[in-house]
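Okay, start_6.pdb now, which holds PDB, C-alpha atoms:
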ATOM      1  CA  MET A 289      13.679 -24.916 -17.211
ATOM      2  CA  THR A 290      11.046 -24.466 -19.891
ATOM      3  CA  SER A 291       9.917 -27.232 -22.242
ATOM      4  CA  GLY A 292      10.564 -25.584 -25.592
ATOM      5  CA  TYR A 293       8.909 -22.294 -24.639
ATOM      6  CA  GLY A 294       5.885 -21.130 -22.671
ATOM      7  CA  LEU A 295       4.930 -23.384 -19.748
ATOM      8  CA  THR A 296       7.615 -25.261 -17.878
ATOM      9  CA  ARG A 297       7.605 -28.984 -18.562
ATOM     10  CA  GLN A 298       6.674 -29.680 -14.931
ATOM     11  CA  GLY A 299       3.894 -27.115 -15.052
ATOM     12  CA  PHE A 300       2.514 -28.479 -18.296
ATOM     13  CA  LEU A 301       2.517 -32.102 -17.145
ATOM     14  CA  GLY A 302       1.025 -31.107 -13.810
ATOM     15  CA  ALA A 303      -1.827 -29.242 -15.469
ATOM     16  CA  ALA A 304      -2.431 -32.049 -17.939
ATOM     17  CA  LEU A 305      -2.394 -34.739 -15.267
ATOM     18  CA  ALA A 306      -4.790 -32.728 -13.150
ATOM     19  CA  ALA A 307      -7.173 -32.586 -16.092
ATOM     20  CA  ALA A 308      -6.762 -36.299 -16.733
ATOM     21  CA  VAL A 309      -7.822 -37.342 -13.252
ATOM     22  CA  GLY A 310     -10.577 -34.746 -13.100
ATOM     23  CA  GLY A 311     -11.259 -31.836 -10.846
ATOM     24  CA  GLY A 312     -13.752 -29.055 -10.224
ATOM     25  CA  ALA A 313     -16.716 -28.668 -12.537
ATOM     26  CA  ALA A 314     -15.248 -30.882 -15.233
ATOM     27  CA  ALA A 315     -14.963 -33.787 -12.815
ATOM     28  CA  GLN A 316     -18.692 -33.498 -12.207
ATOM     29  CA  GLY A 317     -19.364 -33.794 -15.931
ATOM     30  CA  ALA A 318     -20.626 -30.220 -16.311
ATOM     31  CA  GLU A 319     -17.896 -29.044 -18.644
ATOM     32  CA  LEU A 320     -15.372 -30.336 -21.110
ATOM     33  CA  HIS A 321     -11.933 -31.014 -19.707
ATOM     34  CA  ARG A 322      -9.374 -28.579 -21.042
ATOM     35  CA  ARG A 323      -5.644 -28.929 -21.660
ATOM     36  CA  PRO A 324      -2.960 -26.255 -21.970
ATOM     37  CA  ILE A 325      -1.083 -25.496 -25.169
ATOM     38  CA  PRO A 326       2.475 -25.573 -23.790
ATOM     39  CA  ALA A 327       3.673 -22.765 -26.071
ATOM     40  CA  SER A 328       1.279 -20.250 -24.557
ATOM     41  CA  GLY A 329      -0.712 -21.687 -21.669
ATOM     42  CA  GLU A 330      -3.942 -21.139 -23.610
ATOM     43  CA  THR A 331      -6.291 -24.048 -22.951
ATOM     44  CA  LEU A 332      -8.343 -26.066 -25.424
ATOM     45  CA  PRO A 333     -11.273 -28.423 -24.831
ATOM     46  CA  VAL A 334     -10.153 -32.048 -25.181
ATOM     47  CA  ILE A 335     -12.746 -32.889 -27.877
ATOM     48  CA  GLY A 336     -12.901 -31.142 -31.223
ATOM     49  CA  LEU A 337     -14.109 -31.860 -34.744
ATOM     50  CA  GLY A 338     -12.442 -33.250 -37.840
ATOM     51  CA  THR A 339     -13.924 -32.462 -41.250
ATOM     52  CA  TRP A 340     -12.478 -35.192 -43.473
ATOM     53  CA  ARG A 341     -15.181 -36.727 -45.712
ATOM     54  CA  GLY A 342     -18.122 -35.479 -43.663
ATOM     55  CA  PHE A 343     -17.736 -31.816 -44.651
ATOM     56  CA  ASP A 344     -16.984 -32.460 -48.324
ATOM     57  CA  VAL A 345     -20.504 -31.559 -49.460
ATOM     58  CA  GLY A 346     -22.285 -29.136 -51.740
ATOM     59  CA  ALA A 347     -24.490 -26.168 -50.925
ATOM     60  CA  LYS A 348     -27.874 -27.910 -50.798
ATOM     61  CA  PRO A 349     -29.797 -27.428 -47.513
ATOM     62  CA  ALA A 350     -30.132 -31.191 -47.117
ATOM     63  CA  GLU A 351     -26.328 -31.500 -47.224
ATOM     64  CA  ARG A 352     -25.471 -28.477 -45.101
ATOM     65  CA  GLY A 353     -28.253 -28.803 -42.503
ATOM     66  CA  PRO A 354     -26.783 -31.665 -40.441
ATOM     67  CA  LEU A 355     -23.343 -30.078 -40.552
ATOM     68  CA  ARG A 356     -24.764 -26.800 -39.298
ATOM     69  CA  GLU A 357     -26.150 -28.748 -36.331
ATOM     70  CA  VAL A 358     -22.791 -30.466 -35.787
ATOM     71  CA  VAL A 359     -21.028 -27.117 -35.500
ATOM     72  CA  ALA A 360     -23.796 -25.715 -33.280
ATOM     73  CA  THR A 361     -23.550 -28.750 -30.985
ATOM     74  CA  LEU A 362     -19.776 -28.434 -30.743
ATOM     75  CA  LEU A 363     -20.017 -24.779 -29.756
ATOM     76  CA  ALA A 364     -22.983 -25.181 -27.422
ATOM     77  CA  LYS A 365     -21.109 -27.745 -25.338
ATOM     78  CA  GLY A 366     -17.950 -25.665 -25.137
ATOM     79  CA  GLY A 367     -15.954 -27.213 -27.983
ATOM     80  CA  ARG A 368     -13.721 -25.021 -30.132
ATOM     81  CA  VAL A 369     -11.308 -26.941 -32.335
ATOM     82  CA  ILE A 370     -12.248 -27.583 -35.973
ATOM     83  CA  ASP A 371      -9.578 -29.167 -38.153
ATOM     84  CA  SER A 372      -9.639 -29.166 -41.944
ATOM     85  CA  SER A 373      -7.318 -29.406 -44.938
ATOM     86  CA  PRO A 374      -7.031 -28.546 -48.627
ATOM     87  CA  MET A 375      -7.033 -32.318 -49.247
ATOM     88  CA  TYR A 376     -10.554 -32.678 -47.855
ATOM     89  CA  GLY A 377     -12.355 -31.589 -51.006
ATOM     90  CA  ARG A 378     -14.837 -28.814 -50.212
ATOM     91  CA  ALA A 379     -14.451 -29.109 -46.435
ATOM     92  CA  GLU A 380     -12.532 -25.866 -45.861
ATOM     93  CA  GLY A 381     -15.136 -23.814 -47.708
ATOM     94  CA  VAL A 382     -18.033 -25.524 -45.963
ATOM     95  CA  THR A 383     -16.385 -25.031 -42.579
ATOM     96  CA  GLY A 384     -15.746 -21.377 -43.289
ATOM     97  CA  ASP A 385     -19.346 -20.819 -44.411
ATOM     98  CA  LEU A 386     -20.885 -22.524 -41.376
ATOM     99  CA  VAL A 387     -18.659 -20.754 -38.852
ATOM    100  CA  ALA A 388     -19.359 -17.402 -40.511
ATOM    101  CA  GLU A 389     -23.115 -18.060 -40.608
ATOM    102  CA  ALA A 390     -23.039 -18.799 -36.880
ATOM    103  CA  GLY A 391     -21.038 -15.642 -36.174
ATOM    104  CA  ALA A 392     -18.710 -17.962 -34.287
ATOM    105  CA  ARG A 393     -15.217 -17.156 -35.537
ATOM    106  CA  GLU A 394     -14.100 -15.844 -32.145
ATOM    107  CA  ARG A 395     -15.369 -19.009 -30.455
ATOM    108  CA  THR A 396     -13.599 -21.411 -32.781
ATOM    109  CA  PHE A 397     -10.020 -22.622 -33.048
ATOM    110  CA  LEU A 398      -9.532 -23.185 -36.779
ATOM    111  CA  ALA A 399      -6.758 -25.489 -37.929
ATOM    112  CA  THR A 400      -5.778 -26.510 -41.425
ATOM    113  CA  LYS A 401      -2.754 -27.769 -43.348
ATOM    114  CA  VAL A 402      -0.361 -27.105 -46.180
ATOM    115  CA  TRP A 403       0.270 -30.100 -48.431
ATOM    116  CA  THR A 404       2.196 -29.218 -51.556
ATOM    117  CA  SER A 405       5.778 -28.770 -52.730
ATOM    118  CA  GLY A 406       7.547 -25.471 -53.277
ATOM    119  CA  ARG A 407       7.529 -22.158 -51.418
ATOM    120  CA  GLU A 408       5.251 -20.249 -53.769
ATOM    121  CA  ALA A 409       2.814 -23.153 -54.136
ATOM    122  CA  GLY A 410       2.673 -23.426 -50.346
ATOM    123  CA  ILE A 411       1.972 -19.721 -49.926
ATOM    124  CA  ALA A 412      -0.746 -19.843 -52.583
ATOM    125  CA  GLN A 413      -2.383 -22.853 -50.943
ATOM    126  CA  MET A 414      -2.358 -21.243 -47.507
ATOM    127  CA  LYS A 415      -3.797 -17.983 -48.855
ATOM    128  CA  ARG A 416      -6.575 -19.989 -50.451
ATOM    129  CA  SER A 417      -7.268 -21.682 -47.110
ATOM    130  CA  LEU A 418      -7.634 -18.289 -45.454
ATOM    131  CA  GLN A 419     -10.168 -17.301 -48.113
ATOM    132  CA  LEU A 420     -12.154 -20.527 -47.858
ATOM    133  CA  LEU A 421     -12.193 -20.454 -44.062
ATOM    134  CA  ARG A 422     -13.256 -16.802 -44.245
ATOM    135  CA  THR A 423     -10.711 -15.517 -41.781
ATOM    136  CA  GLU A 424      -7.717 -13.186 -41.827
ATOM    137  CA  ARG A 425      -5.823 -15.243 -39.274
ATOM    138  CA  LEU A 426      -5.714 -18.987 -38.680
ATOM    139  CA  ASP A 427      -5.222 -20.476 -35.262
ATOM    140  CA  LEU A 428      -3.053 -23.354 -36.491
ATOM    141  CA  MET A 429      -1.267 -24.204 -39.731
ATOM    142  CA  GLN A 430       0.256 -27.667 -40.031
ATOM    143  CA  ILE A 431       2.683 -29.116 -42.570
ATOM    144  CA  HIS A 432       0.918 -32.299 -43.558
ATOM    145  CA  ASN A 433       2.864 -35.548 -43.871
ATOM    146  CA  LEU A 434       6.070 -33.501 -43.615
ATOM    147  CA  LEU A 435       5.780 -32.773 -47.333
ATOM    148  CA  ASP A 436       8.573 -30.331 -48.222
ATOM    149  CA  TRP A 437       8.647 -29.281 -44.577
ATOM    150  CA  ARG A 438      12.077 -27.648 -44.766
ATOM    151  CA  THR A 439      10.686 -25.245 -47.364
ATOM    152  CA  HIS A 440       7.391 -24.520 -45.622
ATOM    153  CA  LEU A 441       8.585 -24.140 -42.038
ATOM    154  CA  PRO A 442      10.353 -20.783 -42.590
ATOM    155  CA  THR A 443       7.173 -19.498 -44.260
ATOM    156  CA  LEU A 444       5.083 -20.607 -41.302
ATOM    157  CA  ARG A 445       7.475 -18.920 -38.910
ATOM    158  CA  ALA A 446       7.233 -15.697 -40.918
ATOM    159  CA  TRP A 447       3.441 -15.908 -41.014
ATOM    160  CA  LYS A 448       3.356 -16.378 -37.256
ATOM    161  CA  GLU A 449       5.532 -13.309 -36.770
ATOM    162  CA  GLU A 450       3.201 -11.362 -39.075
ATOM    163  CA  GLY A 451       0.107 -12.536 -37.189
ATOM    164  CA  ARG A 452      -1.381 -14.553 -40.061
ATOM    165  CA  ILE A 453      -1.301 -17.718 -37.952
ATOM    166  CA  ARG A 454      -1.173 -18.147 -34.185
ATOM    167  CA  TYR A 455       0.476 -21.561 -33.984
ATOM    168  CA  LEU A 456       2.408 -23.854 -36.315
ATOM    169  CA  GLY A 457       2.985 -27.582 -36.404
ATOM    170  CA  ILE A 458       3.306 -30.803 -38.348
ATOM    171  CA  SER A 459       0.937 -33.699 -38.959
ATOM    172  CA  HIS A 460       1.219 -37.320 -40.040
ATOM    173  CA  TYR A 461      -0.825 -40.498 -39.906
ATOM    174  CA  THR A 462       1.573 -43.204 -41.106
ATOM    175  CA  GLU A 463       3.463 -45.220 -38.505
ATOM    176  CA  SER A 464       6.272 -45.877 -40.969
ATOM    177  CA  ALA A 465       7.052 -42.147 -40.851
ATOM    178  CA  TYR A 466       7.315 -41.915 -37.062
ATOM    179  CA  ASP A 467      11.120 -41.896 -37.119
ATOM    180  CA  ALA A 468      11.039 -38.841 -39.379
ATOM    181  CA  VAL A 469       8.396 -37.176 -37.196
ATOM    182  CA  GLU A 470      10.530 -37.819 -34.129
ATOM    183  CA  ALA A 471      13.577 -36.303 -35.798
ATOM    184  CA  VAL A 472      11.686 -33.113 -36.688
ATOM    185  CA  LEU A 473      10.255 -32.834 -33.163
ATOM    186  CA  LYS A 474      13.759 -33.075 -31.745
ATOM    187  CA  ALA A 475      15.309 -30.616 -34.176
ATOM    188  CA  GLU A 476      12.666 -27.922 -34.602
ATOM    189  CA  ARG A 477      10.669 -25.588 -32.390
ATOM    190  CA  LEU A 478       7.014 -26.461 -32.980
ATOM    191  CA  ASP A 479       3.714 -25.651 -31.294
ATOM    192  CA  PHE A 480       1.638 -28.655 -32.390
ATOM    193  CA  LEU A 481       1.873 -32.238 -33.556
ATOM    194  CA  GLN A 482      -1.129 -33.984 -35.117
ATOM    195  CA  ILE A 483      -0.821 -37.755 -35.057
ATOM    196  CA  ASN A 484      -3.029 -40.847 -35.079
ATOM    197  CA  TYR A 485      -3.565 -42.532 -31.723
ATOM    198  CA  ALA A 486      -6.255 -44.952 -30.568
ATOM    199  CA  LEU A 487      -6.863 -47.880 -28.246
ATOM    200  CA  ASP A 488      -5.953 -50.250 -31.082
ATOM    201  CA  ASP A 489      -3.201 -47.998 -32.471
ATOM    202  CA  ARG A 490      -0.863 -47.136 -29.609
ATOM    203  CA  ALA A 491       2.470 -46.809 -31.419
ATOM    204  CA  ALA A 492       2.572 -43.069 -30.675
ATOM    205  CA  GLU A 493       2.735 -43.890 -26.956
ATOM    206  CA  GLU A 494       6.222 -45.328 -27.332
ATOM    207  CA  ARG A 495       8.179 -42.218 -28.292
ATOM    208  CA  LEU A 496       6.108 -39.481 -29.897
ATOM    209  CA  LEU A 497       3.716 -38.612 -27.074
ATOM    210  CA  PRO A 498       6.443 -38.568 -24.398
ATOM    211  CA  LEU A 499       8.664 -36.517 -26.697
ATOM    212  CA  ALA A 500       5.887 -34.025 -27.397
ATOM    213  CA  ALA A 501       5.415 -33.532 -23.649
ATOM    214  CA  GLU A 502       9.151 -33.153 -23.138
ATOM    215  CA  LYS A 503       9.492 -30.603 -25.944
ATOM    216  CA  GLY A 504       6.400 -28.611 -25.003
ATOM    217  CA  VAL A 505       4.379 -29.507 -28.099
ATOM    218  CA  ALA A 506       0.580 -29.733 -28.024
ATOM    219  CA  VAL A 507      -0.946 -32.875 -29.569
ATOM    220  CA  LEU A 508      -4.030 -33.172 -31.755
ATOM    221  CA  VAL A 509      -5.180 -36.763 -32.248
ATOM    222  CA  ASN A 510      -6.730 -37.887 -35.500
ATOM    223  CA  ARG A 511      -8.287 -41.328 -35.990
ATOM    224  CA  PRO A 512      -9.107 -41.694 -32.264
ATOM    225  CA  PHE A 513     -11.580 -44.468 -33.118
ATOM    226  CA  GLY A 514      -8.784 -46.537 -34.621
ATOM    227  CA  GLY A 515      -8.622 -48.127 -38.001
ATOM    228  CA  GLY A 516     -10.029 -51.141 -39.773
ATOM    229  CA  GLY A 517     -13.615 -50.601 -38.702
ATOM    230  CA  LEU A 518     -12.913 -50.937 -34.971
ATOM    231  CA  LEU A 519     -16.135 -49.180 -33.949
ATOM    232  CA  ARG A 520     -18.202 -51.352 -36.264
ATOM    233  CA  ARG A 521     -16.644 -54.489 -34.782
ATOM    234  CA  LEU A 522     -17.187 -53.321 -31.234
ATOM    235  CA  ALA A 523     -20.811 -52.346 -31.881
ATOM    236  CA  LYS A 524     -21.858 -55.972 -31.410
ATOM    237  CA  THR A 525     -19.795 -56.416 -28.244
ATOM    238  CA  PRO A 526     -21.318 -55.691 -24.817
ATOM    239  CA  LEU A 527     -19.790 -52.761 -22.974
ATOM    240  CA  PRO A 528     -17.087 -53.809 -20.501
ATOM    241  CA  ASP A 529     -17.727 -53.633 -16.767
ATOM    242  CA  TYR A 530     -15.452 -50.610 -16.395
ATOM    243  CA  ALA A 531     -17.696 -48.481 -18.647
ATOM    244  CA  ALA A 532     -19.815 -47.427 -15.681
ATOM    245  CA  GLU A 533     -16.720 -46.373 -13.735
ATOM    246  CA  ILE A 534     -16.028 -43.630 -16.266
ATOM    247  CA  GLY A 535     -19.621 -42.820 -17.183
ATOM    248  CA  CYS A 536     -19.593 -44.329 -20.677
ATOM    249  CA  THR A 537     -22.718 -45.555 -22.452
ATOM    250  CA  SER A 538     -21.106 -46.410 -25.797
ATOM    251  CA  TRP A 539     -17.903 -47.796 -27.264
ATOM    252  CA  ALA A 540     -17.297 -44.467 -28.980
ATOM    253  CA  GLU A 541     -17.112 -42.742 -25.598
ATOM    254  CA  ILE A 542     -14.808 -45.450 -24.252
ATOM    255  CA  LEU A 543     -12.396 -45.104 -27.162
ATOM    256  CA  LEU A 544     -12.306 -41.322 -26.888
ATOM    257  CA  LYS A 545     -11.858 -41.352 -23.110
ATOM    258  CA  TYR A 546      -8.861 -43.615 -23.526
ATOM    259  CA  VAL A 547      -7.263 -41.184 -25.968
ATOM    260  CA  VAL A 548      -7.871 -37.964 -24.054
ATOM    261  CA  SER A 549      -6.840 -39.509 -20.730
ATOM    262  CA  HIS A 550      -3.232 -39.560 -21.935
ATOM    263  CA  PRO A 551      -1.676 -36.449 -20.349
ATOM    264  CA  ALA A 552       0.258 -35.508 -23.498
ATOM    265  CA  VAL A 553      -2.919 -35.325 -25.613
ATOM    266  CA  THR A 554      -4.338 -31.835 -25.966
ATOM    267  CA  CYS A 555      -7.401 -32.526 -28.116
ATOM    268  CA  ALA A 556      -8.915 -35.412 -30.084
ATOM    269  CA  ILE A 557     -10.597 -34.452 -33.366
ATOM    270  CA  PRO A 558     -12.930 -37.267 -34.469
ATOM    271  CA  GLY A 559     -14.699 -36.535 -37.713
ATOM    272  CA  THR A 560     -18.464 -36.660 -37.938
ATOM    273  CA  ALA A 561     -21.354 -35.311 -39.974
ATOM    274  CA  ASP A 562     -23.935 -36.513 -37.433
ATOM    275  CA  PRO A 563     -25.097 -34.106 -34.675
ATOM    276  CA  GLY A 564     -25.926 -37.039 -32.385
ATOM    277  CA  HIS A 565     -22.443 -38.443 -32.766
ATOM    278  CA  MET A 566     -20.995 -34.987 -32.104
ATOM    279  CA  ALA A 567     -22.914 -34.821 -28.827
ATOM    280  CA  ALA A 568     -21.722 -38.289 -27.821
ATOM    281  CA  ASN A 569     -18.130 -37.404 -28.667
ATOM    282  CA  LEU A 570     -18.340 -34.324 -26.476
ATOM    283  CA  ARG A 571     -19.690 -36.378 -23.552
ATOM    284  CA  ALA A 572     -16.483 -38.379 -23.693
ATOM    285  CA  GLY A 573     -14.579 -35.218 -22.810
ATOM    286  CA  MET A 574     -16.549 -34.699 -19.602
ATOM    287  CA  GLY A 575     -16.588 -36.400 -16.225
ATOM    288  CA  ALA A 576     -14.259 -39.131 -15.031
ATOM    289  CA  LEU A 577     -11.338 -40.197 -17.199
ATOM    290  CA  PRO A 578      -9.404 -43.466 -16.906
ATOM    291  CA  ASP A 579      -6.400 -43.475 -14.585
ATOM    292  CA  ASP A 580      -3.222 -45.368 -15.434
ATOM    293  CA  SER A 581      -4.476 -48.596 -13.935
ATOM    294  CA  LEU A 582      -7.716 -48.522 -15.887
ATOM    295  CA  ARG A 583      -5.914 -47.549 -19.082
ATOM    296  CA  ARG A 584      -3.847 -50.742 -18.785
ATOM    297  CA  ARG A 585      -6.988 -52.789 -18.236
ATOM    298  CA  MET A 586      -8.633 -51.199 -21.253
ATOM    299  CA  ALA A 587      -5.683 -51.991 -23.504
ATOM    300  CA  ALA A 588      -5.386 -55.562 -22.238
ATOM    301  CA  ALA A 589      -9.106 -56.286 -22.552
ATOM    302  CA  LEU A 590      -9.723 -54.793 -26.006
ATOM    303  CA  PRO A 591     -11.757 -57.386 -27.928
ATOM    304  CA  GLY A 592      -9.993 -58.799 -30.982
TER     305      GLY A 592
END
Could the structure of this file be written out as structure tokens, please?
Amino acid sequence: MTSGYGLTRQGFLGAALAAAVGGGAAAQGAELHRRPIPASGETLPVIGLGTWRGFDVGAKPAERGPLREVVATLLAKGGRVIDSSPMYGRAEGVTGDLVAEAGARERTFLATKVWTSGREAGIAQMKRSLQLLRTERLDLMQIHNLLDWRTHLPTLRAWKEEGRIRYLGISHYTESAYDAVEAVLKAERLDFLQINYALDDRAAEERLLPLAAEKGVAVLVNRPFGGGGLLRRLAKTPLPDYAAEIGCTSWAEILLKYVVSHPAVTCAIPGTADPGHMAANLRAGMGALPDDSLRRRMAAALPG
């Protein structure tokens, strides 16, 4: 029996679990772990790039230079996923410019969102995203915060049939909306869910991540570093003894390894405008990942 469509549920979970415990070159730290998109079997690297705030810049070389290095670092280490949105100011246009300058469209998996009400307004916004991202076809279009989703979903299905987008999905970041997200996941045939999930924000573990695996829906994780300045608080805390077990040299790597070690997670998309941080984020997607036992220890021992 298939989970939604594409891979069987057993096949998907088996492939994801194999990636989570490591194997082959990735287990040796040479490559990014990859996870299958259940709808197709296509695999994605487990670490990508979010563009909120960091990519909302002008055209000055001093503003674009670091971001050019961020994108180059992502691609050089085997990353592909870049997520943006019309709500992120100038981020879509900046992303499109940098990917085009690098001649890297075929090596990137570009995702963005529709966040408006009304069919025609949604179509206009999505056409604008295509222009700004400088592509004729997007890899993923997501209905953000479920805004007018019943209106937009038929449009997304039509665009997928026409080849304008490859995958479709929904996104949300508010725990109070999880019941609504769950209802849509149960009722509709989707390719992707984007949701917040972190070591200090594990509500998605209760129902949404298991449901996504059951329904054959890939998961992008935003806010993998948690909320409320978690990284800043942890910066003054010594690394735990288990850090060496999974090859981590920073709290950022620890937090990301926790997220991507969940077998239902396809890719985490932390935002950054710093090439050094991009490199560190990518290291978290390589080598050993926490097993179930270590994940429980990590959650129990998280400093307050």
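Nearest to A:Gly564 of all the residues A:Glu319, A:Glu357, A:Glu351, A:Asp488 is A:Glu357, counting all atoms listed in the file.
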Where does the PyMOL selection byres ((chain A and resi 547) around 9) land in this file, that is, which residues does it pick, as an MDAnalysis selection string?
chainID A and resid 485:487 509 512:513 542:546 548:550 553 555:556
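Here atom CA of A:Gly457 is placed at a distance of 19.9 Å from atom CA of A:Gly559.
Pairwise distance (atom CA of A:Pro528, atom CA of A:Ala567) equals 21.5 Å.
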Applied to the shown file, which residues does the PyMOL selection byres ((chain A and resi 432) around 8) return, written as a PyMOL selection string?
chain A and resi 401-403+430-431+433-435+458-460
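Interatomic distance, atom CA of A:Ala552 to atom CA of A:Ser417: 28.4 Å.
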Please identify all polymer residues within 7 Å of stretch 331-334 of chain A, counting all atoms listed in the file, omitting same-chain residues fewer than 6 positions from it, and present them as a PyMOL selection string.
chain A and resi 320-325+367-368+548+554-556+573
Contact table stretch 418-485 of chain A vs stretch 490-500 of chain A, cut-off 9 Å, shortest pair per residue, only C-alpha atoms, as a Markdown table:
| residue | atom | partner | partner_atom | distance |
| --- | --- | --- | --- | --- |
| A:Glu463 | CA | A:Ala491 | CA | 7.3 |
| A:Tyr466 | CA | A:Leu496 | CA | 7.7 |
| A:Val469 | CA | A:Leu496 | CA | 8.0 |
| A:Glu470 | CA | A:Leu496 | CA | 6.3 |
| A:Leu473 | CA | A:Ala500 | CA | 7.3 |
| A:Lys474 | CA | A:Leu499 | CA | 8.0 |
| A:Phe480 | CA | A:Ala500 | CA | 8.5 |
| A:Leu481 | CA | A:Ala500 | CA | 7.6 |
| A:Ile483 | CA | A:Ala492 | CA | 7.7 |
| A:Asn484 | CA | A:Ala492 | CA | 7.5 |
| A:Tyr485 | CA | A:Arg490 | CA | 5.7 |
Apply the PyMOL selection byres ((chain A and resi 343) around 12) to the displayed file and report the matching residues as a PyMOL selection string.
chain A and resi 337-342+344-347+351-356+358-359+370-386+559-562
List the spatial neighbours of A:Leu444 as a short mmCIF file (atom, residue, chain, number, x, y, z; two decimals) with C-alpha atoms, keeping the file's coordinate frame - criterion: any atom at most 12 Å away, all atoms listed in the file, same-chain residues fewer than 5 positions off excluded.
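In the end it all went to around-v9.cif:
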data_model
loop_
_atom_site.label_atom_id
_atom_site.label_comp_id
_atom_site.auth_asym_id
_atom_site.auth_seq_id
_atom_site.Cartn_x
_atom_site.Cartn_y
_atom_site.Cartn_z
CA LYS A 401 -2.75 -27.77 -43.35
CA VAL A 402 -0.36 -27.10 -46.18
CA ARG A 407 7.53 -22.16 -51.42
CA GLY A 410 2.67 -23.43 -50.35
CA ILE A 411 1.97 -19.72 -49.93
CA MET A 414 -2.36 -21.24 -47.51
CA LYS A 415 -3.80 -17.98 -48.86
CA LEU A 426 -5.71 -18.99 -38.68
CA ASP A 427 -5.22 -20.48 -35.26
CA LEU A 428 -3.05 -23.35 -36.49
CA MET A 429 -1.27 -24.20 -39.73
CA GLN A 430 0.26 -27.67 -40.03
CA ILE A 431 2.68 -29.12 -42.57
CA TRP A 437 8.65 -29.28 -44.58
CA ARG A 438 12.08 -27.65 -44.77
CA THR A 439 10.69 -25.24 -47.36
CA GLU A 449 5.53 -13.31 -36.77
CA GLU A 450 3.20 -11.36 -39.08
CA GLY A 451 0.11 -12.54 -37.19
CA ARG A 452 -1.38 -14.55 -40.06
CA ILE A 453 -1.30 -17.72 -37.95
CA ARG A 454 -1.17 -18.15 -34.18
CA TYR A 455 0.48 -21.56 -33.98
CA LEU A 456 2.41 -23.85 -36.32
CA GLY A 457 2.98 -27.58 -36.40
CA ILE A 458 3.31 -30.80 -38.35
CA ARG A 477 10.67 -25.59 -32.39
CA LEU A 478 7.01 -26.46 -32.98
CA ASP A 479 3.71 -25.65 -31.29
#
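The smallest atom-to-atom distance between A:Arg521 and any of A:Trp447, A:Leu363, A:Ala568, A:Leu590, using all atoms listed in the file, is found for A:Leu590.
Closest approach to A:Ala327 from the set A:Gly366, A:Gly504, A:Gly391, A:Gly575 is made by A:Gly504, with distances taken over all atoms listed in the file.
Every protein or nucleic acid residue with an atom no more than 8 Å from A:Asp436, counting all atoms listed in the file and leaving out same-chain residues fewer than 6 positions away, appears here: Thr404, Ser405 and Gly406 of chain A.
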Export of prior selection with C-alpha atoms as a PDB file, in the frame of the given file:
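What ended up in result18.pdb:
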ATOM      1  CA  THR A 404       2.196 -29.218 -51.556  1.00  0.00           C
ATOM      2  CA  SER A 405       5.778 -28.770 -52.730  1.00  0.00           C
ATOM      3  CA  GLY A 406       7.547 -25.471 -53.277  1.00  0.00           C
TER       4      GLY A 406
END
